[in-house]
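Novice: File name coords17.cif; file contents mmCIF, C-alpha atoms; full text below.
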data_query
#
loop_
_atom_site.label_atom_id
_atom_site.label_comp_id
_atom_site.auth_asym_id
_atom_site.auth_seq_id
_atom_site.Cartn_x
_atom_site.Cartn_y
_atom_site.Cartn_z
CA MET O 1355 -51.41 63.33 11.50
CA SER O 1356 -48.97 63.79 14.33
CA LYS O 1357 -45.23 63.74 13.74
CA PHE O 1358 -44.93 60.49 15.75
CA LYS O 1359 -47.54 58.71 13.63
CA ARG O 1360 -45.92 59.87 10.40
CA ILE O 1361 -42.53 58.45 11.53
CA ALA O 1362 -44.13 55.16 12.59
CA SER O 1363 -45.88 54.80 9.24
CA ILE O 1364 -42.64 55.39 7.35
CA LEU O 1365 -40.82 52.74 9.41
CA MET O 1366 -43.59 50.19 8.85
CA LEU O 1367 -43.56 50.84 5.11
CA ALA O 1368 -39.79 50.42 4.92
CA ALA O 1369 -39.97 47.15 6.84
CA ALA O 1370 -42.64 45.85 4.49
CA VAL O 1371 -40.52 46.65 1.44
CA VAL O 1372 -37.46 44.94 2.90
CA PHE O 1373 -39.46 41.89 3.96
CA ALA O 1374 -41.09 41.52 0.56
CA ALA O 1375 -37.74 41.71 -1.26
CA GLY O 1376 -35.90 39.10 0.94
CA CYS O 1377 -35.72 35.26 0.83
CA THR O 1378 -38.14 33.37 3.04
CA LYS O 1379 -37.45 30.00 4.55
CA PRO O 1380 -40.18 27.37 4.43
CA ASP O 1381 -40.91 27.78 8.18
CA GLU O 1382 -41.19 31.56 7.83
CA PRO O 1383 -43.97 32.13 5.22
CA ASN O 1384 -44.52 35.53 3.73
CA ASN O 1385 -48.25 36.25 3.68
CA GLY O 1386 -47.91 39.74 2.31
CA GLY O 1387 -49.47 40.95 -0.99
CA ASN O 1388 -52.78 39.84 -2.41
CA ASN O 1389 -54.11 37.40 -4.92
CA ASN O 1390 -54.18 39.96 -7.73
CA GLY O 1391 -50.38 39.95 -8.20
CA GLY O 1392 -49.12 41.76 -11.28
CA ASN O 1393 -48.91 45.54 -10.91
CA ASN O 1394 -50.56 45.38 -7.52
CA GLY O 1395 -47.34 43.92 -6.03
CA GLY O 1396 -48.87 40.58 -5.04
CA GLY O 1397 -45.83 38.47 -6.11
CA ASN O 1398 -45.78 34.75 -6.96
CA ASN O 1399 -48.07 32.10 -5.52
CA GLY O 1400 -50.60 34.72 -4.71
CA GLY O 1401 -48.49 36.31 -2.00
CA GLY O 1402 -44.87 36.93 -3.17
CA GLU O 1403 -43.69 33.92 -1.14
CA THR O 1404 -40.18 32.56 -1.91
CA ILE O 1405 -39.40 29.09 -0.54
CA VAL O 1406 -35.69 28.68 0.21
CA GLU O 1407 -34.07 25.26 0.13
CA LEU O 1408 -30.48 24.09 0.41
CA PRO O 1409 -28.52 24.66 -2.79
CA GLN O 1410 -27.34 21.78 -4.95
CA VAL O 1411 -23.62 21.54 -5.71
CA MET O 1412 -21.45 19.03 -7.55
CA THR O 1413 -17.76 18.35 -6.81
CA SER O 1414 -15.47 18.44 -9.85
CA ALA O 1415 -12.60 16.09 -10.59
CA VAL O 1416 -9.29 17.13 -9.06
CA SER O 1417 -6.51 18.20 -11.43
CA ASN O 1418 -3.00 19.65 -11.44
CA VAL O 1419 -1.99 17.65 -8.38
CA THR O 1420 1.54 18.36 -7.14
CA THR O 1421 3.34 17.54 -3.91
CA THR O 1422 1.60 20.37 -2.01
CA GLU O 1423 -1.19 21.73 -4.23
CA ALA O 1424 -4.23 20.65 -6.25
CA THR O 1425 -6.90 22.33 -8.35
CA CYS O 1426 -10.34 21.53 -6.96
CA GLY O 1427 -13.79 22.93 -7.61
CA GLY O 1428 -17.43 22.33 -8.31
CA SER O 1429 -20.59 23.51 -10.03
CA ILE O 1430 -23.71 25.19 -8.58
CA LEU O 1431 -26.62 23.14 -9.90
CA SER O 1432 -29.31 25.06 -8.00
CA ASN O 1433 -29.28 28.08 -5.68
CA GLY O 1434 -32.19 26.65 -3.70
CA GLY O 1435 -34.42 29.64 -4.40
CA CYS O 1436 -32.10 32.27 -3.00
CA THR O 1437 -28.80 33.95 -3.74
CA ILE O 1438 -25.66 31.89 -3.00
CA SER O 1439 -23.69 33.81 -0.43
CA GLU O 1440 -20.54 31.66 -0.54
CA CYS O 1441 -19.13 28.59 -2.26
CA GLY O 1442 -15.83 26.76 -2.42
CA VAL O 1443 -14.21 23.47 -1.41
CA CYS O 1444 -13.23 21.82 1.85
CA TRP O 1445 -10.68 19.04 2.25
CA SER O 1446 -9.28 16.66 4.81
CA THR O 1447 -7.50 13.37 5.32
CA ASP O 1448 -10.67 12.31 7.15
CA ALA O 1449 -13.59 10.69 5.39
CA THR O 1450 -15.97 13.66 5.50
CA PRO O 1451 -14.39 17.11 5.21
CA THR O 1452 -16.52 20.13 6.22
CA VAL O 1453 -16.06 23.90 6.45
CA ASP O 1454 -15.31 23.40 10.14
CA GLY O 1455 -11.90 22.23 8.96
CA ASP O 1456 -9.74 23.31 6.02
CA TYR O 1457 -11.65 25.12 3.28
CA ALA O 1458 -11.17 27.76 0.60
CA THR O 1459 -13.79 30.06 -0.97
CA ALA O 1460 -14.24 30.67 -4.68
CA SER O 1461 -14.29 34.09 -6.31
CA VAL O 1462 -17.71 33.47 -7.89
CA THR O 1463 -21.04 32.38 -6.42
CA SER O 1464 -22.70 30.81 -9.46
CA GLY O 1465 -21.95 28.33 -12.20
CA THR O 1466 -18.65 26.49 -12.23
CA PHE O 1467 -15.83 27.47 -9.89
CA THR O 1468 -12.26 26.35 -9.14
CA VAL O 1469 -9.99 26.80 -6.16
CA THR O 1470 -6.29 26.06 -5.75
CA VAL O 1471 -5.83 24.09 -2.54
CA GLN O 1472 -2.41 24.72 -1.01
CA ASN O 1473 -0.12 23.68 1.84
CA LEU O 1474 -0.84 19.98 1.41
CA THR O 1475 1.42 17.19 2.64
CA PRO O 1476 3.33 15.24 -0.03
CA ASN O 1477 2.40 11.63 -0.69
CA THR O 1478 -0.86 11.89 1.27
CA ALA O 1479 -4.42 10.82 0.46
CA TYR O 1480 -7.04 13.57 0.72
CA ASN O 1481 -10.82 13.80 0.39
CA VAL O 1482 -12.38 16.97 -1.02
CA ARG O 1483 -15.99 18.23 -1.31
CA ALA O 1484 -17.44 21.31 -2.96
CA TYR O 1485 -19.85 23.34 -0.84
CA ALA O 1486 -22.36 26.15 -1.33
CA LYS O 1487 -24.17 28.31 1.23
CA ASN O 1488 -27.48 30.22 1.18
CA GLU O 1489 -30.02 31.30 3.81
CA ALA O 1490 -31.17 27.70 4.30
CA GLY O 1491 -27.68 26.48 5.20
CA ILE O 1492 -24.67 24.69 3.66
CA ALA O 1493 -24.85 21.94 1.08
CA TYR O 1494 -21.96 19.62 0.12
CA GLY O 1495 -21.13 17.75 -3.07
CA THR O 1496 -19.97 14.16 -3.29
CA LEU O 1497 -16.53 13.08 -2.08
CA VAL O 1498 -13.61 13.09 -4.49
CA SER O 1499 -10.25 11.60 -3.44
CA PHE O 1500 -6.72 12.28 -4.61
CA ILE O 1501 -3.13 11.63 -3.51
CA THR O 1502 -0.46 14.29 -3.58
CA LEU O 1503 2.78 13.49 -5.35
CA ASP O 1504 5.73 12.07 -3.49
CA ASP O 1505 8.65 14.46 -3.03
CA SER O 1506 11.12 11.73 -2.14
CA PRO O 1507 13.66 10.45 -4.69
CA ALA O 1508 12.51 7.67 -6.97
CA ALA O 1509 13.23 4.11 -5.83
CA PRO O 1510 15.89 2.13 -7.72
CA GLU O 1511 14.88 -0.08 -10.62
CA GLY O 1512 13.13 -3.19 -9.34
CA ALA O 1513 12.49 -1.79 -5.85
CA VAL O 1514 9.39 -0.93 -3.86
CA LYS O 1515 9.56 2.73 -2.84
CA GLY O 1516 9.10 2.15 0.90
CA LYS O 1517 12.13 2.55 3.16
CA PHE O 1518 12.74 0.11 6.02
CA SER O 1519 15.17 0.57 8.90
CA ILE O 1520 17.38 -2.45 9.49
CA ASN O 1521 19.28 -1.31 12.58
CA ALA O 1522 19.20 1.22 15.39
CA GLY O 1523 21.73 3.37 13.56
CA GLY O 1524 19.14 4.35 10.98
CA LYS O 1525 20.40 2.36 7.98
CA GLN O 1526 17.50 1.75 5.57
CA VAL O 1527 16.84 -0.56 2.63
CA TYR O 1528 14.43 -0.93 -0.26
CA PHE O 1529 12.85 -4.35 -0.84
CA SER O 1530 12.63 -5.80 -4.35
CA HIS O 1531 9.20 -5.65 -5.97
CA GLY O 1532 8.91 -9.43 -6.15
CA ASN O 1533 10.45 -12.70 -5.03
CA LEU O 1534 13.68 -13.78 -6.71
CA GLN O 1535 13.33 -16.23 -9.61
CA TYR O 1536 15.78 -18.10 -11.86
CA GLN O 1537 15.58 -19.71 -15.32
CA ALA O 1538 18.25 -22.33 -15.93
CA THR O 1539 18.06 -22.48 -19.74
CA THR O 1540 18.87 -18.79 -20.11
CA ASN O 1541 20.82 -18.32 -16.86
CA THR O 1542 18.49 -15.42 -16.09
CA TRP O 1543 17.71 -14.00 -12.68
CA ARG O 1544 14.67 -11.77 -12.25
CA PHE O 1545 12.17 -10.45 -9.74
CA ALA O 1546 8.62 -11.74 -10.03
CA ASP O 1547 6.26 -9.44 -11.93
CA GLN O 1548 4.01 -8.88 -8.92
CA GLN O 1549 4.73 -9.04 -5.22
CA TRP O 1550 2.17 -11.81 -4.72
CA ASN O 1551 3.67 -14.09 -7.42
CA TYR O 1552 5.30 -17.32 -6.34
CA VAL O 1553 6.11 -20.32 -8.48
CA GLY O 1554 5.55 -23.14 -6.05
CA GLY O 1555 5.92 -26.78 -7.04
CA SER O 1556 4.46 -30.25 -7.00
CA ASP O 1557 4.45 -32.25 -3.81
CA CYS O 1558 5.00 -35.96 -3.57
CA TYR O 1559 1.40 -36.56 -4.64
CA GLY O 1560 1.61 -34.46 -7.79
CA VAL O 1561 -0.45 -31.54 -6.48
CA HIS O 1562 0.50 -28.26 -8.14
CA TYR O 1563 0.81 -25.13 -6.08
CA GLY O 1564 1.69 -21.60 -7.02
CA ASN O 1565 0.33 -18.97 -9.38
CA VAL O 1566 2.79 -18.82 -12.26
CA ALA O 1567 1.40 -21.03 -15.02
CA GLY O 1568 3.66 -23.69 -16.46
CA SER O 1569 6.21 -23.63 -13.66
CA SER O 1570 6.27 -26.18 -10.90
CA ASN O 1571 9.89 -26.40 -9.73
CA SER O 1572 9.70 -30.15 -10.34
CA PHE O 1573 12.54 -31.97 -12.09
CA VAL O 1574 14.55 -28.73 -12.22
CA SER O 1575 17.81 -29.09 -14.14
CA SER O 1576 20.16 -27.18 -16.42
CA THR O 1577 17.63 -27.73 -19.24
CA TYR O 1578 14.55 -26.71 -17.23
CA ASN O 1579 12.91 -23.72 -18.93
CA GLY O 1580 10.45 -22.82 -16.16
CA TRP O 1581 11.05 -20.37 -13.35
CA ILE O 1582 12.52 -21.47 -10.03
CA ASP O 1583 11.86 -19.56 -6.82
CA TYR O 1584 12.78 -22.09 -4.13
CA PHE O 1585 16.48 -22.15 -3.40
CA GLY O 1586 18.79 -24.07 -1.12
CA PHE O 1587 20.93 -22.02 1.23
CA GLY O 1588 23.69 -20.41 -0.80
CA THR O 1589 22.68 -21.83 -4.19
CA SER O 1590 23.01 -18.56 -6.04
CA GLY O 1591 25.02 -19.94 -8.94
CA TRP O 1592 28.49 -19.45 -7.54
CA ASP O 1593 30.60 -22.38 -6.37
CA ASN O 1594 31.49 -21.69 -2.76
CA GLY O 1595 32.47 -25.30 -2.14
CA ASN O 1596 29.02 -26.84 -2.01
CA ILE O 1597 28.33 -30.06 -3.82
CA TYR O 1598 25.01 -28.62 -4.97
CA TYR O 1599 25.71 -25.01 -5.70
CA HIS O 1600 23.62 -24.28 -8.80
CA PRO O 1601 20.04 -23.04 -8.33
CA TYR O 1602 18.86 -26.16 -10.18
CA ASP O 1603 20.93 -28.54 -8.01
CA ILE O 1604 18.81 -29.86 -5.17
CA GLY O 1605 19.92 -32.44 -2.66
CA SER O 1606 19.30 -33.56 0.90
CA GLU O 1607 22.94 -33.92 1.97
CA ALA O 1608 24.27 -31.43 4.47
CA THR O 1609 26.98 -30.47 2.00
CA SER O 1610 24.35 -29.14 -0.37
CA TRP O 1611 23.80 -26.20 1.88
CA GLN O 1612 26.70 -26.12 4.30
CA GLY O 1613 29.62 -26.10 1.89
CA GLU O 1614 32.08 -28.94 1.60
CA ILE O 1615 35.04 -26.73 2.41
CA ASN O 1616 33.45 -26.14 5.82
CA PHE O 1617 32.11 -29.64 6.37
CA GLY O 1618 34.26 -30.68 9.29
CA PHE O 1619 37.20 -28.62 8.11
CA GLY O 1620 36.59 -25.22 9.68
CA PRO O 1621 34.07 -22.81 11.10
CA LEU O 1622 30.69 -22.42 9.46
CA ALA O 1623 30.21 -19.21 7.50
CA ASP O 1624 27.38 -16.80 6.76
CA LEU O 1625 26.73 -15.69 3.20
CA THR O 1626 28.58 -12.51 4.07
CA GLY O 1627 32.21 -11.50 4.19
CA ASP O 1628 34.37 -14.05 2.40
CA PHE O 1629 31.25 -15.91 1.33
CA ALA O 1630 29.31 -12.88 0.07
CA ASN O 1631 29.49 -14.11 -3.53
CA ALA O 1632 27.24 -17.01 -2.57
CA ASP O 1633 24.54 -14.51 -1.67
CA TRP O 1634 21.74 -14.03 -4.19
CA GLY O 1635 22.19 -10.75 -6.05
CA VAL O 1636 25.69 -9.97 -4.81
CA TYR O 1637 27.24 -12.12 -7.50
CA ASN O 1638 24.31 -12.31 -9.95
CA ALA O 1639 22.81 -9.54 -12.06
CA ILE O 1640 19.02 -9.24 -11.76
CA SER O 1641 17.55 -8.64 -15.22
CA ASN O 1642 14.77 -6.31 -14.05
CA GLY O 1643 16.67 -4.95 -11.07
CA GLY O 1644 19.49 -2.95 -12.58
CA SER O 1645 21.14 -5.81 -14.53
CA ARG O 1646 24.37 -5.45 -12.62
CA PRO O 1647 25.95 -7.66 -9.91
CA GLY O 1648 26.47 -6.29 -6.44
CA MET O 1649 23.30 -4.19 -6.31
CA TRP O 1650 21.18 -6.52 -4.16
CA ARG O 1651 21.67 -8.76 -1.18
CA THR O 1652 19.83 -10.83 1.43
CA LEU O 1653 19.11 -9.48 4.90
CA THR O 1654 21.04 -10.97 7.78
CA GLN O 1655 19.34 -12.60 10.74
CA GLN O 1656 19.76 -9.46 12.88
CA GLU O 1657 18.39 -7.20 10.12
CA TRP O 1658 15.29 -9.32 9.63
CA GLU O 1659 14.68 -9.25 13.38
CA TYR O 1660 14.91 -5.46 13.42
CA VAL O 1661 12.51 -5.04 10.48
CA LEU O 1662 9.92 -7.35 12.03
CA ASN O 1663 10.08 -6.61 15.73
CA GLU O 1664 12.27 -3.65 16.66
CA ARG O 1665 11.20 -0.73 14.48
CA ASN O 1666 8.94 1.90 15.99
CA GLY O 1667 5.30 2.22 14.97
CA SER O 1668 3.46 0.00 12.52
CA ARG O 1669 5.59 -2.87 11.23
CA PHE O 1670 3.46 -5.65 9.72
CA ALA O 1671 -0.03 -7.04 9.21
CA PHE O 1672 -1.28 -10.36 7.85
CA ALA O 1673 -3.26 -10.06 4.63
CA LYS O 1674 -4.67 -11.74 1.56
CA VAL O 1675 -3.78 -9.96 -1.69
CA ASN O 1676 -5.24 -11.09 -5.02
CA GLU O 1677 -6.34 -14.35 -3.36
CA VAL O 1678 -2.80 -15.05 -2.11
CA TYR O 1679 -2.09 -15.31 1.61
CA GLY O 1680 0.91 -13.54 3.07
CA PHE O 1681 1.85 -10.61 5.21
CA LEU O 1682 2.50 -6.93 4.70
CA LEU O 1683 5.67 -5.14 5.75
CA LEU O 1684 4.86 -1.50 6.47
CA PRO O 1685 7.51 1.15 5.71
CA ASP O 1686 9.06 3.39 8.35
CA ASP O 1687 6.84 6.35 7.44
CA TRP O 1688 3.58 4.39 7.43
CA SER O 1689 0.56 6.39 8.60
CA THR O 1690 -2.52 4.60 9.91
CA SER O 1691 -4.65 7.25 8.17
CA THR O 1692 -3.43 6.06 4.76
CA TYR O 1693 -5.44 2.84 4.81
CA ASN O 1694 -7.46 1.13 7.51
CA LEU O 1695 -5.56 -2.10 8.19
CA ASN O 1696 -6.70 -4.55 10.84
CA ASN O 1697 -4.49 -6.19 13.47
CA ILE O 1698 -1.32 -4.20 12.82
CA ASN O 1699 1.65 -5.74 14.66
CA SER O 1700 -0.67 -8.52 15.88
CA THR O 1701 0.52 -12.12 15.75
CA GLU O 1702 -2.66 -13.77 16.97
CA CYS O 1703 -4.82 -13.25 13.91
CA PRO O 1704 -5.77 -15.17 10.76
CA LEU O 1705 -3.85 -14.75 7.52
CA ASP O 1706 -6.92 -13.11 5.98
CA ALA O 1707 -7.20 -10.46 8.69
CA ASN O 1708 -7.03 -8.00 5.79
CA VAL O 1709 -8.51 -8.91 2.40
CA ILE O 1710 -6.98 -6.50 -0.10
CA SER O 1711 -8.54 -5.88 -3.52
CA LEU O 1712 -6.33 -5.07 -6.49
CA SER O 1713 -7.39 -1.40 -6.45
CA ALA O 1714 -6.64 -1.17 -2.72
CA TRP O 1715 -3.33 -2.94 -3.24
CA ALA O 1716 -2.34 -0.32 -5.84
CA THR O 1717 -2.79 2.32 -3.13
CA LEU O 1718 -0.80 0.33 -0.58
CA GLU O 1719 2.05 -0.46 -2.96
CA ALA O 1720 2.23 3.20 -3.98
CA LYS O 1721 2.79 3.95 -0.30
CA GLY O 1722 5.77 1.58 -0.17
CA VAL O 1723 4.14 -1.50 1.37
CA VAL O 1724 5.91 -4.83 0.79
CA PHE O 1725 3.91 -8.07 0.45
CA LEU O 1726 5.60 -11.40 1.15
CA PRO O 1727 3.45 -14.26 -0.17
CA CYS O 1728 3.08 -17.46 1.81
CA GLY O 1729 4.44 -19.77 -0.84
CA GLY O 1730 5.31 -22.44 1.67
CA TRP O 1731 8.65 -24.23 1.66
CA SER O 1732 10.12 -27.30 0.04
CA ASN O 1733 12.57 -30.09 0.63
CA TYR O 1734 14.01 -33.07 -1.15
CA CYS O 1735 11.45 -35.77 -1.87
CA THR O 1736 12.31 -39.22 -3.19
CA GLU O 1737 9.12 -41.22 -2.74
CA PHE O 1738 7.97 -40.62 -6.31
CA GLY O 1739 11.20 -39.27 -7.76
CA TYR O 1740 10.32 -35.62 -7.50
CA GLN O 1741 13.08 -33.21 -6.61
CA VAL O 1742 10.87 -30.75 -4.76
CA GLU O 1743 8.15 -31.28 -2.21
CA VAL O 1744 6.06 -28.27 -1.29
CA LYS O 1745 5.08 -28.02 2.35
CA CYS O 1746 2.18 -25.91 3.57
CA PRO O 1747 1.76 -23.67 0.53
CA GLY O 1748 -0.54 -20.77 1.23
CA THR O 1749 -0.26 -21.00 5.01
CA GLY O 1750 3.33 -20.11 5.74
CA ALA O 1751 6.15 -17.95 4.45
CA MET O 1752 9.78 -18.97 4.78
CA TYR O 1753 12.49 -16.66 3.45
CA TRP O 1754 16.25 -17.06 3.66
CA THR O 1755 18.49 -14.83 5.69
CA SER O 1756 22.22 -14.75 4.94
CA SER O 1757 23.21 -15.94 8.43
CA TYR O 1758 24.37 -19.21 9.96
CA TRP O 1759 24.22 -20.24 13.57
CA ASN O 1760 27.17 -22.39 14.60
CA ASN O 1761 25.22 -24.84 16.72
CA PRO O 1762 27.59 -26.56 19.20
CA ASP O 1763 25.15 -29.48 19.38
CA SER O 1764 25.27 -30.13 15.64
CA PRO O 1765 28.25 -30.83 13.38
CA TRP O 1766 26.59 -28.87 10.58
CA GLY O 1767 25.31 -25.68 12.16
CA GLN O 1768 21.98 -24.25 11.09
CA PRO O 1769 20.97 -21.36 8.79
CA TYR O 1770 18.49 -18.71 9.90
CA ILE O 1771 15.12 -18.49 8.19
CA MET O 1772 12.56 -15.69 8.44
CA GLU O 1773 9.24 -17.38 9.00
CA ALA O 1774 5.64 -16.20 9.32
CA SER O 1775 2.63 -18.48 9.46
CA TYR O 1776 -0.97 -18.71 10.58
CA GLY O 1777 -1.37 -17.70 14.21
CA GLY O 1778 2.36 -17.33 14.69
CA SER O 1779 4.66 -14.43 15.27
CA PRO O 1780 6.86 -13.43 12.32
CA GLY O 1781 10.41 -14.02 13.43
CA VAL O 1782 13.79 -15.47 12.56
CA PHE O 1783 14.53 -19.06 13.51
CA THR O 1784 17.22 -21.65 12.93
CA ASP O 1785 16.30 -24.65 10.85
CA VAL O 1786 17.83 -27.49 8.93
CA GLY O 1787 19.48 -26.41 5.71
CA ILE O 1788 18.01 -29.03 3.39
CA TYR O 1789 14.90 -26.88 3.15
CA LEU O 1790 14.30 -24.81 0.05
CA CYS O 1791 12.94 -21.35 0.75
CA GLN O 1792 11.97 -18.20 -1.08
CA VAL O 1793 14.24 -15.17 -1.39
CA ARG O 1794 13.38 -11.46 -1.21
CA LEU O 1795 16.37 -9.22 -1.80
CA VAL O 1796 17.07 -5.68 -0.58
CA GLN O 1797 19.10 -2.71 -1.76
CA GLU O 1798 20.53 -0.17 0.63
CA VAL O 1799 19.23 3.40 0.56
CA GLU O 1800 22.00 5.79 -0.44
#
Would you write the structure of this file as structure tokens?
Specialist:
Amino acid sequence: MSKFKRIASILMLAAAVVFAAGCTKPDEPNNGGNNNGGNNGGGNNGGGETIVELPQVMTSAVSNVTTTEATCGGSILSNGGCTISECGVCWSTDATPTVDGDYATASVTSGTFTVTVQNLTPNTAYNVRAYAKNEAGIAYGTLVSFITLDDSPAAPEGAVKGKFSINAGGKQVYFSHGNLQYQATTNTWRFADQQWNYVGGSDCYGVHYGNVAGSSNSFVSSTYNGWIDYFGFGTSGWDNGNIYYHPYDIGSEATSWQGEINFGFGPLADLTGDFANADWGVYNAISNGGSRPGMWRTLTQQEWEYVLNERNGSRFAFAKVNEVYGFLLLPDDWSTSTYNLNNINSTECPLDANVISLSAWATLEAKGVVFLPCGGWSNYCTEFGYQVEVKCPGTGAMYWTSSYWNNPDSPWGQPYIMEASYGGSPGVFTDVGIYLCQVRLVQEVE
């Protein structure tokens, strides 16, 4: 045999050995060997053929989550008929992370593996998937989600953690975690348990509204043991000269909201400055909001305007939370990737533009979102002797500001009310002071 033929034979033999020992994809069959198998080198299936499929991998639960790190991992359930060349996890704030984005490889290629994911952003929702690679390609496990811890200071007692700018100078406030409520028999002020809670009342036809059982705001008095959450302007429990100055005193006269000392005897006053003690929270301790006077206050007309219409980015969205209509106030650092809300900053949309489940609401509230329920508004009603008449419950939200407008065309002036309703733009308007509205207090960020 010539030298050339001997070399060619050796190369062919080496190629055959390598080919027989490798993994073969389904579209590249290995027809080598014979049907004898065994010691004759035939291999399995009569020809040594190995069918390679994608591996199977399962994503593990995420643990040890911090502000910037998390322990992720997975398990190789099947190698697909061939050796796993690489495995690990990939993560993203998008819905479907892949190895084309952020990923980290594990130190093993079989069984269970873990990887420490680093350089994450605090207070951010991530999706993670385990992956495994063989000759057939890359397989991914199911999605697992987690949220990194917040590195910002904890919010004060009774506050939602979101921060909201109230002027161009950068001053920020926290909102209370529920509407303000009062119980006359115990002289107790509190914030509602949930942001969607409102007490409501009975209208002139005896129809009950609201979602706090046993409380209707009807026939309120010093012996009323239910919870009140509709207040006349300035009725915080401190006598600033009004005839009706207690939270349970309700009347239609102008002096019930204007203040007798100002009724024709001087300029009208906001609930600020000399009249700050008439503001809810400034004078009164909130039992589940620090239990100390002077910690909370009501936004002024200008501050409400800035929160609703002058901040940059996403500011509000109408929504229905736990079957209660209202609208969401989005904090200064809101990211649209956190949750897919419809019609952000849009005024021409229905109140149920976003229907939020309780589990979804937990995510939103953890991100600092404030929900103001549309509890309607009330005024004095005498037709059937009721003290409170609820107007438009469930379709409009009216919340007090602490500001007056000294209307030259009216001897009484008019208080400012923050109002949002179906198909309307949230804004601050002047209105007659005999109305009873809800109150949501704020605390300034230190």
Novice: Which residue, O:Asp1448, O:Glu1800, O:Asp1633, O:Asp1504, has the smallest gap to Pro1476 (chain O) when you use all atoms listed in the file?
Specialist: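 Between O:Asp1448, O:Glu1800, O:Asp1633, O:Asp1504, the residue approaching Pro1476 (chain O) most closely is O:Asp1504.
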Novice: Which residue is closest to Asn1541 (chain O)? Choose from O:Ala1632, O:Ile1640, O:Ala1458, O:Val1471 and count all atoms listed in the file.
Specialist: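 Nearest to Asn1541 (chain O): O:Ile1640.
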Novice: Restricting the calculation to all atoms listed in the file: of O:Leu1497, O:Val1709, O:Ala1751, O:Leu1431, which residue gets closest to Ser1446 (chain O)?
Specialist: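 Checking each of O:Leu1497, O:Val1709, O:Ala1751, O:Leu1431 against Ser1446 (chain O), counting all atoms listed in the file, the winner is O:Leu1497.
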Novice: Could you tell me, as a PDB file with C-alpha atoms, in the coordinates of the input, which residues have any atom at most 12 Å from (-16.0, 15.8, 6.0), counting only C-alpha atoms?
Specialist:
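What ended up in result.pdb:
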ATOM      1  CA  VAL O1443     -14.210  23.470  -1.410  1.00  0.00           C
ATOM      2  CA  CYS O1444     -13.230  21.820   1.850  1.00  0.00           C
ATOM      3  CA  TRP O1445     -10.680  19.040   2.250  1.00  0.00           C
ATOM      4  CA  SER O1446      -9.280  16.660   4.810  1.00  0.00           C
ATOM      5  CA  THR O1447      -7.500  13.370   5.320  1.00  0.00           C
ATOM      6  CA  ASP O1448     -10.670  12.310   7.150  1.00  0.00           C
ATOM      7  CA  ALA O1449     -13.590  10.690   5.390  1.00  0.00           C
ATOM      8  CA  THR O1450     -15.970  13.660   5.500  1.00  0.00           C
ATOM      9  CA  PRO O1451     -14.390  17.110   5.210  1.00  0.00           C
ATOM     10  CA  THR O1452     -16.520  20.130   6.220  1.00  0.00           C
ATOM     11  CA  VAL O1453     -16.060  23.900   6.450  1.00  0.00           C
ATOM     12  CA  ASP O1454     -15.310  23.400  10.140  1.00  0.00           C
ATOM     13  CA  GLY O1455     -11.900  22.230   8.960  1.00  0.00           C
ATOM     14  CA  ASP O1456      -9.740  23.310   6.020  1.00  0.00           C
ATOM     15  CA  TYR O1457     -11.650  25.120   3.280  1.00  0.00           C
ATOM     16  CA  TYR O1480      -7.040  13.570   0.720  1.00  0.00           C
ATOM     17  CA  ASN O1481     -10.820  13.800   0.390  1.00  0.00           C
ATOM     18  CA  VAL O1482     -12.380  16.970  -1.020  1.00  0.00           C
ATOM     19  CA  ARG O1483     -15.990  18.230  -1.310  1.00  0.00           C
ATOM     20  CA  ALA O1484     -17.440  21.310  -2.960  1.00  0.00           C
ATOM     21  CA  TYR O1485     -19.850  23.340  -0.840  1.00  0.00           C
ATOM     22  CA  ALA O1493     -24.850  21.940   1.080  1.00  0.00           C
ATOM     23  CA  TYR O1494     -21.960  19.620   0.120  1.00  0.00           C
ATOM     24  CA  GLY O1495     -21.130  17.750  -3.070  1.00  0.00           C
ATOM     25  CA  THR O1496     -19.970  14.160  -3.290  1.00  0.00           C
ATOM     26  CA  LEU O1497     -16.530  13.080  -2.080  1.00  0.00           C
ATOM     27  CA  VAL O1498     -13.610  13.090  -4.490  1.00  0.00           C
ATOM     28  CA  SER O1499     -10.250  11.600  -3.440  1.00  0.00           C
TER      29      SER O1499
END
Novice: Do a neighbour search on His1600 (chain O) at 10 Å with only C-alpha atoms, toss out local chain neighbours closer than 5 positions, and write the hits as a PyMOL selection string.
Specialist: chain O and resi 1538+1575-1576+1585-1586+1588-1593+1610
Novice: Which residues, named as in the file, does the PyMOL selection byres ((chain O and resi 1409) around 8) pick out? Answer as a list in words.
Specialist: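 What the PyMOL selection byres ((chain O and resi 1409) around 8) grabs from the file is Glu1407, Leu1408, Gln1410, Val1411, Ile1430, Leu1431, Ser1432, Asn1433, Gly1434, Gly1435, Ile1438, Ala1486, Lys1487, Asn1488, Ile1492 and Ala1493 of chain O.
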Novice: Between CA of Gly1635 (chain O) and CA of Pro1780 (chain O), what is the distance in Å, rounded to a tenth?
Specialist: 24.1 Å
Novice: Tell me which residues the PyMOL selection byres ((chain O and resi 1469) around 7) grabs here, as a PDB file with C-alpha atoms, keeping the file's coordinate frame.
Specialist:
ATOM      1  CA  THR O1425      -6.900  22.330  -8.350  1.00  0.00           C
ATOM      2  CA  CYS O1426     -10.340  21.530  -6.960  1.00  0.00           C
ATOM      3  CA  GLY O1427     -13.790  22.930  -7.610  1.00  0.00           C
ATOM      4  CA  GLY O1442     -15.830  26.760  -2.420  1.00  0.00           C
ATOM      5  CA  ALA O1458     -11.170  27.760   0.600  1.00  0.00           C
ATOM      6  CA  ALA O1460     -14.240  30.670  -4.680  1.00  0.00           C
ATOM      7  CA  PHE O1467     -15.830  27.470  -9.890  1.00  0.00           C
ATOM      8  CA  THR O1468     -12.260  26.350  -9.140  1.00  0.00           C
ATOM      9  CA  THR O1470      -6.290  26.060  -5.750  1.00  0.00           C
ATOM     10  CA  VAL O1471      -5.830  24.090  -2.540  1.00  0.00           C
TER      11      VAL O1471
END
